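Listing of run_11.txt, compact mmCIF, C-alpha atoms
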```txt
# COMPACT_ATOMS: atom_id res chain seq x y z
CA MET A 5 0.00 0.00 0.00
CA LEU A 6 1.06 3.60 -0.54
CA PRO A 7 2.46 5.70 2.32
CA GLY A 8 -0.40 7.18 4.32
CA LEU A 9 -2.52 4.02 4.26
CA ARG A 10 -0.16 1.23 5.29
CA ILE A 11 -0.81 -1.50 7.85
CA GLN A 12 2.36 -3.52 8.37
CA THR A 13 3.20 -6.54 10.48
CA CYS A 14 4.15 -5.96 14.12
CA VAL A 15 7.71 -6.45 15.28
CA SER A 16 7.74 -8.99 18.08
CA PRO A 17 8.38 -7.62 21.57
CA ALA A 18 12.01 -7.52 22.70
CA PRO A 19 13.31 -10.49 24.73
CA GLN A 20 12.23 -10.36 28.34
CA HIS A 21 15.79 -10.33 29.68
CA LEU A 22 16.42 -7.03 27.86
CA ILE A 23 13.19 -5.50 29.11
CA ASP A 24 14.01 -6.54 32.69
CA ALA A 25 17.54 -5.13 32.40
CA PHE A 26 16.35 -1.68 31.35
CA ARG A 27 13.99 -1.44 34.32
CA ASP A 28 17.05 -0.70 36.45
CA VAL A 29 18.52 1.97 34.14
CA VAL A 30 17.55 5.64 34.49
CA THR A 31 16.91 7.68 31.36
CA PRO A 32 19.63 10.30 32.09
CA HIS A 33 22.27 7.55 31.90
CA LEU A 34 20.79 6.31 28.63
CA SER A 35 20.62 9.85 27.27
CA ASP A 36 24.24 10.60 28.18
CA SER A 37 25.27 7.34 26.50
CA LEU A 38 23.40 8.35 23.33
CA GLY A 39 25.18 11.64 22.82
CA ARG A 40 22.73 13.72 24.89
CA HIS A 41 20.54 14.61 21.91
CA ILE A 42 18.43 11.45 21.43
CA GLY A 43 14.96 11.37 23.02
CA ALA A 44 11.62 13.12 23.24
CA ARG A 45 11.34 16.73 24.36
CA GLY A 46 8.12 18.34 25.52
CA LEU A 47 6.07 15.27 26.48
CA LYS A 48 4.41 15.19 29.90
CA ARG A 49 4.38 12.10 32.11
CA TYR A 50 0.87 11.36 33.34
CA ASN A 51 1.53 8.29 35.49
CA GLN A 52 2.50 8.95 39.08
CA THR A 53 4.13 5.54 39.61
CA GLY A 54 5.73 2.89 37.47
CA LYS A 55 8.29 2.85 34.68
CA LEU A 56 7.71 2.46 30.96
CA VAL A 57 9.78 -0.30 29.34
CA GLY A 58 8.56 -2.11 26.25
CA THR A 59 8.62 -2.49 22.48
CA ALA A 60 7.11 0.06 20.10
CA LEU A 61 3.99 -0.70 18.10
CA THR A 62 3.66 2.52 16.12
CA VAL A 63 0.59 4.29 14.77
CA LYS A 64 0.41 7.44 12.65
CA THR A 65 -2.99 9.09 12.68
CA ARG A 66 -4.68 12.00 11.04
CA PRO A 67 -4.89 14.79 13.67
CA GLY A 68 -7.86 14.25 15.97
CA ASP A 69 -8.68 10.76 14.62
CA ASN A 70 -8.22 7.33 16.20
CA LEU A 71 -9.64 4.84 13.68
CA PHE A 72 -6.22 3.30 13.06
CA ILE A 73 -5.56 3.17 16.80
CA TYR A 74 -8.58 0.85 17.03
CA LYS A 75 -7.00 -1.36 14.39
CA ALA A 76 -3.61 -1.27 16.11
CA MET A 77 -5.16 -2.39 19.41
CA SER A 78 -6.22 -5.65 17.77
CA MET A 79 -2.54 -6.27 16.90
CA ILE A 80 -1.02 -5.70 20.36
CA GLN A 81 1.14 -8.46 21.81
CA PRO A 82 2.16 -8.55 25.50
CA GLY A 83 5.03 -6.12 26.00
CA HIS A 84 4.13 -3.71 23.22
CA VAL A 85 3.99 0.03 23.87
CA LEU A 86 1.33 1.84 21.84
CA VAL A 87 3.27 4.72 20.26
CA ILE A 88 0.92 7.17 18.53
CA ASP A 89 1.93 10.04 16.29
CA ALA A 90 -1.15 12.27 16.21
CA GLN A 91 1.00 14.89 14.47
CA GLY A 92 1.24 17.09 17.55
CA ASP A 93 -2.44 18.05 17.47
CA THR A 94 -3.95 18.66 20.94
CA ARG A 95 -7.47 19.78 19.97
CA ASN A 96 -8.89 16.25 20.24
CA ALA A 97 -7.78 13.41 22.50
CA VAL A 98 -6.96 10.26 20.58
CA ILE A 99 -6.97 7.86 23.57
CA GLY A 100 -8.74 7.71 26.91
CA GLU A 101 -9.74 5.24 29.61
CA LEU A 102 -11.58 2.76 27.39
CA ILE A 103 -8.66 2.32 25.02
CA LYS A 104 -6.30 2.11 28.00
CA LEU A 105 -8.33 -0.67 29.62
CA TYR A 106 -8.69 -2.74 26.45
CA ALA A 107 -5.04 -2.36 25.47
CA GLN A 108 -3.90 -3.35 28.96
CA GLN A 109 -5.97 -6.51 28.78
CA ARG A 110 -3.96 -7.43 25.70
CA GLY A 111 -0.69 -6.84 27.55
CA CYS A 112 0.11 -3.28 26.49
CA ALA A 113 3.03 -1.96 28.58
CA GLY A 114 2.20 1.73 28.19
CA PHE A 115 1.26 4.62 25.93
CA VAL A 116 3.17 7.38 24.15
CA VAL A 117 1.14 10.03 22.33
CA ASN A 118 2.40 12.88 20.17
CA GLY A 119 -0.95 14.52 20.78
CA ALA A 120 -3.59 14.66 23.51
CA ILE A 121 -5.23 12.18 25.88
CA ARG A 122 -8.30 12.41 28.11
CA ASP A 123 -9.59 10.61 31.24
CA VAL A 124 -6.24 11.58 32.67
CA ALA A 125 -6.94 10.22 36.17
CA SER A 126 -7.13 6.69 34.79
CA PHE A 127 -3.46 6.87 33.78
CA GLU A 128 -2.11 7.58 37.29
CA ARG A 129 -0.70 4.04 37.58
CA THR A 130 -0.32 3.32 33.87
CA PRO A 131 2.84 4.47 32.05
CA CYS A 132 1.73 7.27 29.73
CA TYR A 133 3.45 10.20 28.01
CA ALA A 134 1.56 12.77 25.94
CA LEU A 135 1.69 16.40 24.89
CA ASP A 136 -1.47 17.49 26.66
CA VAL A 137 -4.95 16.69 28.00
CA VAL A 138 -8.25 17.76 26.49
CA HIS A 139 -11.85 16.72 27.09
CA CYS A 140 -12.77 16.62 23.37
CA GLY A 141 -12.86 13.11 21.95
CA PRO A 142 -11.60 11.86 18.57
CA TYR A 143 -13.18 11.23 15.19
CA LYS A 144 -13.06 7.79 13.58
CA THR A 145 -12.72 8.20 9.84
CA GLY A 146 -9.00 7.69 9.15
CA PRO A 147 -6.71 7.58 7.36
CA GLY A 148 -3.61 6.36 9.15
CA GLU A 149 -0.68 3.95 9.20
CA ILE A 150 0.47 1.16 11.50
CA ASN A 151 4.03 -0.02 12.14
CA VAL A 152 5.80 2.72 10.22
CA PRO A 153 8.48 5.15 11.49
CA VAL A 154 6.86 7.98 13.48
CA SER A 155 7.95 11.29 14.95
CA ILE A 156 7.30 11.72 18.67
CA ALA A 157 8.17 15.13 20.13
CA GLY A 158 11.34 15.39 18.06
CA MET A 159 12.28 11.71 18.45
CA LEU A 160 12.17 9.16 15.64
CA VAL A 161 10.58 5.87 16.70
CA ASN A 162 10.74 2.79 14.50
CA PRO A 163 8.48 -0.24 14.94
CA GLY A 164 10.20 -2.62 17.34
CA ASP A 165 12.30 0.03 19.08
CA ILE A 166 12.74 -0.37 22.82
CA MET A 167 11.02 2.43 24.73
CA VAL A 168 12.26 3.48 28.18
CA GLY A 169 10.52 6.20 30.17
CA ASP A 170 10.72 7.42 33.76
CA GLU A 171 10.22 10.66 35.71
CA ASP A 172 13.06 12.31 33.76
CA GLY A 173 11.85 11.59 30.25
CA LEU A 174 11.47 9.13 27.39
CA LEU A 175 13.87 7.52 24.91
CA ALA A 176 13.66 5.04 22.04
CA PHE A 177 16.42 2.97 20.42
CA GLY A 178 16.75 -0.05 18.17
CA GLN A 179 16.91 -3.51 19.72
CA GLU A 180 20.23 -4.07 17.95
CA HIS A 181 21.81 -1.39 20.17
CA ALA A 182 20.35 -2.64 23.45
CA GLU A 183 23.27 -4.72 24.79
CA ALA A 184 25.88 -2.07 24.00
CA LEU A 185 23.71 0.65 25.49
CA LEU A 186 23.20 -1.34 28.67
CA GLU A 187 26.96 -1.67 29.08
CA ALA A 188 27.53 2.04 28.41
CA ALA A 189 24.82 3.02 30.88
CA ARG A 190 26.29 0.73 33.56
CA LYS A 191 29.71 2.32 33.13
CA HIS A 192 28.14 5.77 33.36
CA ALA A 193 26.35 4.78 36.58
CA LEU A 194 29.62 3.60 38.12
CA HIS A 195 31.28 6.86 37.09
CA GLU A 196 28.57 8.85 38.87
CA GLU A 197 28.87 6.66 41.97
CA ARG A 198 32.58 7.53 42.15
CA ILE A 199 31.73 11.24 41.89
CA LYS A 200 29.13 10.93 44.66
CA ALA A 201 31.72 9.29 46.89
CA GLU A 202 34.16 12.14 46.23
CA ILE A 203 31.48 14.76 47.00
CA ALA A 204 30.78 12.95 50.28
CA THR A 205 34.38 13.59 51.41
CA GLY A 206 33.54 17.27 51.82
CA ASN A 207 36.68 18.34 49.98
CA PRO A 208 36.02 21.68 48.21
CA ARG A 209 38.46 20.63 45.45
CA GLN A 210 36.85 17.95 43.33
CA SER A 211 38.71 16.13 40.58
CA TRP A 212 35.62 15.77 38.39
CA MET A 213 35.10 19.55 38.47
CA ASP A 214 38.79 20.36 38.03
CA ALA A 215 38.99 18.17 34.93
CA VAL A 216 36.30 20.25 33.21
CA LEU A 217 37.65 23.59 34.38
CA ASP A 218 41.22 22.65 33.37
CA LYS A 219 40.04 21.78 29.88
CA HIS A 220 38.66 25.29 29.43
CA GLY A 221 41.48 27.17 31.12
CA LEU A 222 39.45 27.91 34.23
CA ALA A 223 41.37 25.86 36.75
CA GLN A 224 41.89 27.22 40.25
CA GLY A 225 44.71 29.77 40.23
CA ASN A 226 44.16 30.80 36.61
CA GLN A 227 41.80 33.64 37.54
CA GLN A 228 43.14 37.19 37.21
```

Structure re-expressed in structure tokens:
Amino acid sequence: MLPGLRIQTCVSPAPQHLIDAFRDVVTPHLSDSLGRHIGARGLKRYNQTGKLVGTALTVKTRPGDNLFIYKAMSMIQPGHVLVIDAQGDTRNAVIGELIKLYAQQRGCAGFVVNGAIRDVASFERTPCYALDVVHCGPYKTGPGEINVPVSIAGMLVNPGDIMVGDEDGLLAFGQEHAEALLEAARKHALHEERIKAEIATGNPRQSWMDAVLDKHGLAQGNQQ
């Protein structure tokens, strides 16, 4: 089918051992390991508890329409995250409590919406990121696409990407990068633990600060 009307096969959810491993990794460590410019910007987190870790099932919708979200819900496998590009439109919510409940019954791990949601209280314990909340519901006329690359608040998400979200933000990356990213994030966490231990000494001179200042000619004693 032509772009704009495609429905493509779902990518199977990532192996459980990878999903479990990323539950213990914070998004700042992932972000720093990805060059500090990969990830969504501007989404709000609507769950008060819980962490989002799962595999992207992507949907691209016409603004204010959720017909293809209905179709995508019938394709969800346990561990999928419903990732919806509503093209940044916040005039009509494209998901609410009913979609949330049905998708969860099918094993949906969470929701990411480049657009608006409603019934916001129902997402307090369900991982959910969106641009905004509005009471106005969606239309159901299409068109749309399923399992195609989508743009989510400045972040490219491909079908099958691993999604990780916490109180600091949301990132997506290909499954082929997962093992290397886990190792990089672990090293970064150890690095920060060493810095915390140095801060705890109470010494006003800190090697991690001096290294940065030295690099830019601002080391102690260089001031005029």

**Prompt:** Taking all atoms listed in the file into account, which of A:Gln52, A:Ser211, A:Val138, A:Val116 comes nearest Gln224 in chain A?
**Reply:**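 Smallest separation from Gln224 in chain A among the options: A:Ser211.
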
Checklist entry - Hey, can you check how far CA of Val154 in chain A sits from CA of Tyr106 in chain A? => result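 Going from CA of Val154 in chain A over to CA of Tyr106 in chain A, I get 22.9 Å.
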
Please tabulate, as CSV, the residues of range 77-153 of chain A that come within 8 Å of range 16-28 of chain A, each with its closest pair of atoms and the distance in Å to one decimal, counting all atoms listed in the file and ordering rows by chain, then residue number upward.
```
residue,atom,partner,partner_atom,distance
A:Gln81,CA,A:Pro17,CA,7.3
A:Pro82,CA,A:Pro17,CA,7.4
A:Gly83,CA,A:Pro17,CA,5.8
A:His84,CA,A:Pro17,CA,6.0
```

*Spatial neighbours of range 91-101 of chain A, 9 Å, only C-alpha atoms, chain gap at least 5 places, as a PyMOL selection string*: chain A and resi 64-70+73+106+117-127+135-143+155-157

Using 9 Å as the limit and counting all atoms listed in the file, can you tabulate each residue of range 72-188 of chain A that touches range 31-40 of chain A, with its shortest atom-to-atom distance in Å and the two atoms involved, as CSV?
```
residue,atom,partner,partner_atom,distance
A:Val168,CA,A:Thr31,CA,7.0
A:Gly169,CA,A:Thr31,CA,6.7
A:Asp170,CA,A:Thr31,CA,6.6
A:Glu171,CA,A:Thr31,CA,8.5
A:Asp172,CA,A:Thr31,CA,6.5
A:Gly173,CA,A:Thr31,CA,6.5
A:Leu174,CA,A:Thr31,CA,6.9
A:Leu175,CA,A:Thr31,CA,7.1
A:Leu185,CA,A:Ser37,CA,6.9
A:Leu186,CA,A:Leu34,CA,8.0
A:Ala188,CA,A:Ser37,CA,6.1
```

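Put simply, CA of Lys104 in chain A is 15.7 Å away from CA of Ala60 in chain A.
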
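Going from CA of Pro208 in chain A over to CA of Ala223 in chain A, you cover 13.3 Å.
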
Q. With all atoms listed in the file as the atoms that count, which of A:Thr130, A:Gln210, A:Asn51, A:Thr59 lies nearest to Gly178 in chain A?
A.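 That would be A:Thr59, the residue with the smallest distance to Gly178 in chain A.
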
Take the point (4.4, 13.5, 30.7) as written in the file and pick out every residue within 7 Å of it, counting all atoms listed in the file; give the list as a compact mmCIF listing (two decimals) with C-alpha atoms, in the frame of the given file.
```txt
# COMPACT_ATOMS: atom_id res chain seq x y z
CA LEU A 47 6.07 15.27 26.48
CA LYS A 48 4.41 15.19 29.90
CA ARG A 49 4.38 12.10 32.11
CA TYR A 50 0.87 11.36 33.34
CA CYS A 132 1.73 7.27 29.73
CA TYR A 133 3.45 10.20 28.01
CA ALA A 134 1.56 12.77 25.94
```

Could you build a table of the residues in range 11-124 of chain A lying no more than 8 Å from range 147-152 of chain A, giving for each the nearest pair of atoms and their separation in Å rounded to one decimal place, using all atoms listed in the file, ordered by chain and ascending residue number, as CSV?
```
residue,atom,partner,partner_atom,distance
A:Ile11,CA,A:Ile150,CA,4.7
A:Gln12,CA,A:Asn151,CA,5.4
A:Thr13,CA,A:Asn151,CA,6.8
A:Cys14,CA,A:Asn151,CA,6.3
A:Leu61,CA,A:Asn151,CA,6.0
A:Thr62,CA,A:Asn151,CA,4.7
A:Val63,CA,A:Ile150,CA,4.5
A:Lys64,CA,A:Glu149,CA,5.0
A:Thr65,CA,A:Gly148,CA,4.5
A:Arg66,CA,A:Gly148,CA,6.0
A:Leu71,CA,A:Pro147,CA,7.5
A:Phe72,CA,A:Gly148,CA,5.6
A:Ala76,CA,A:Ile150,CA,6.6
```
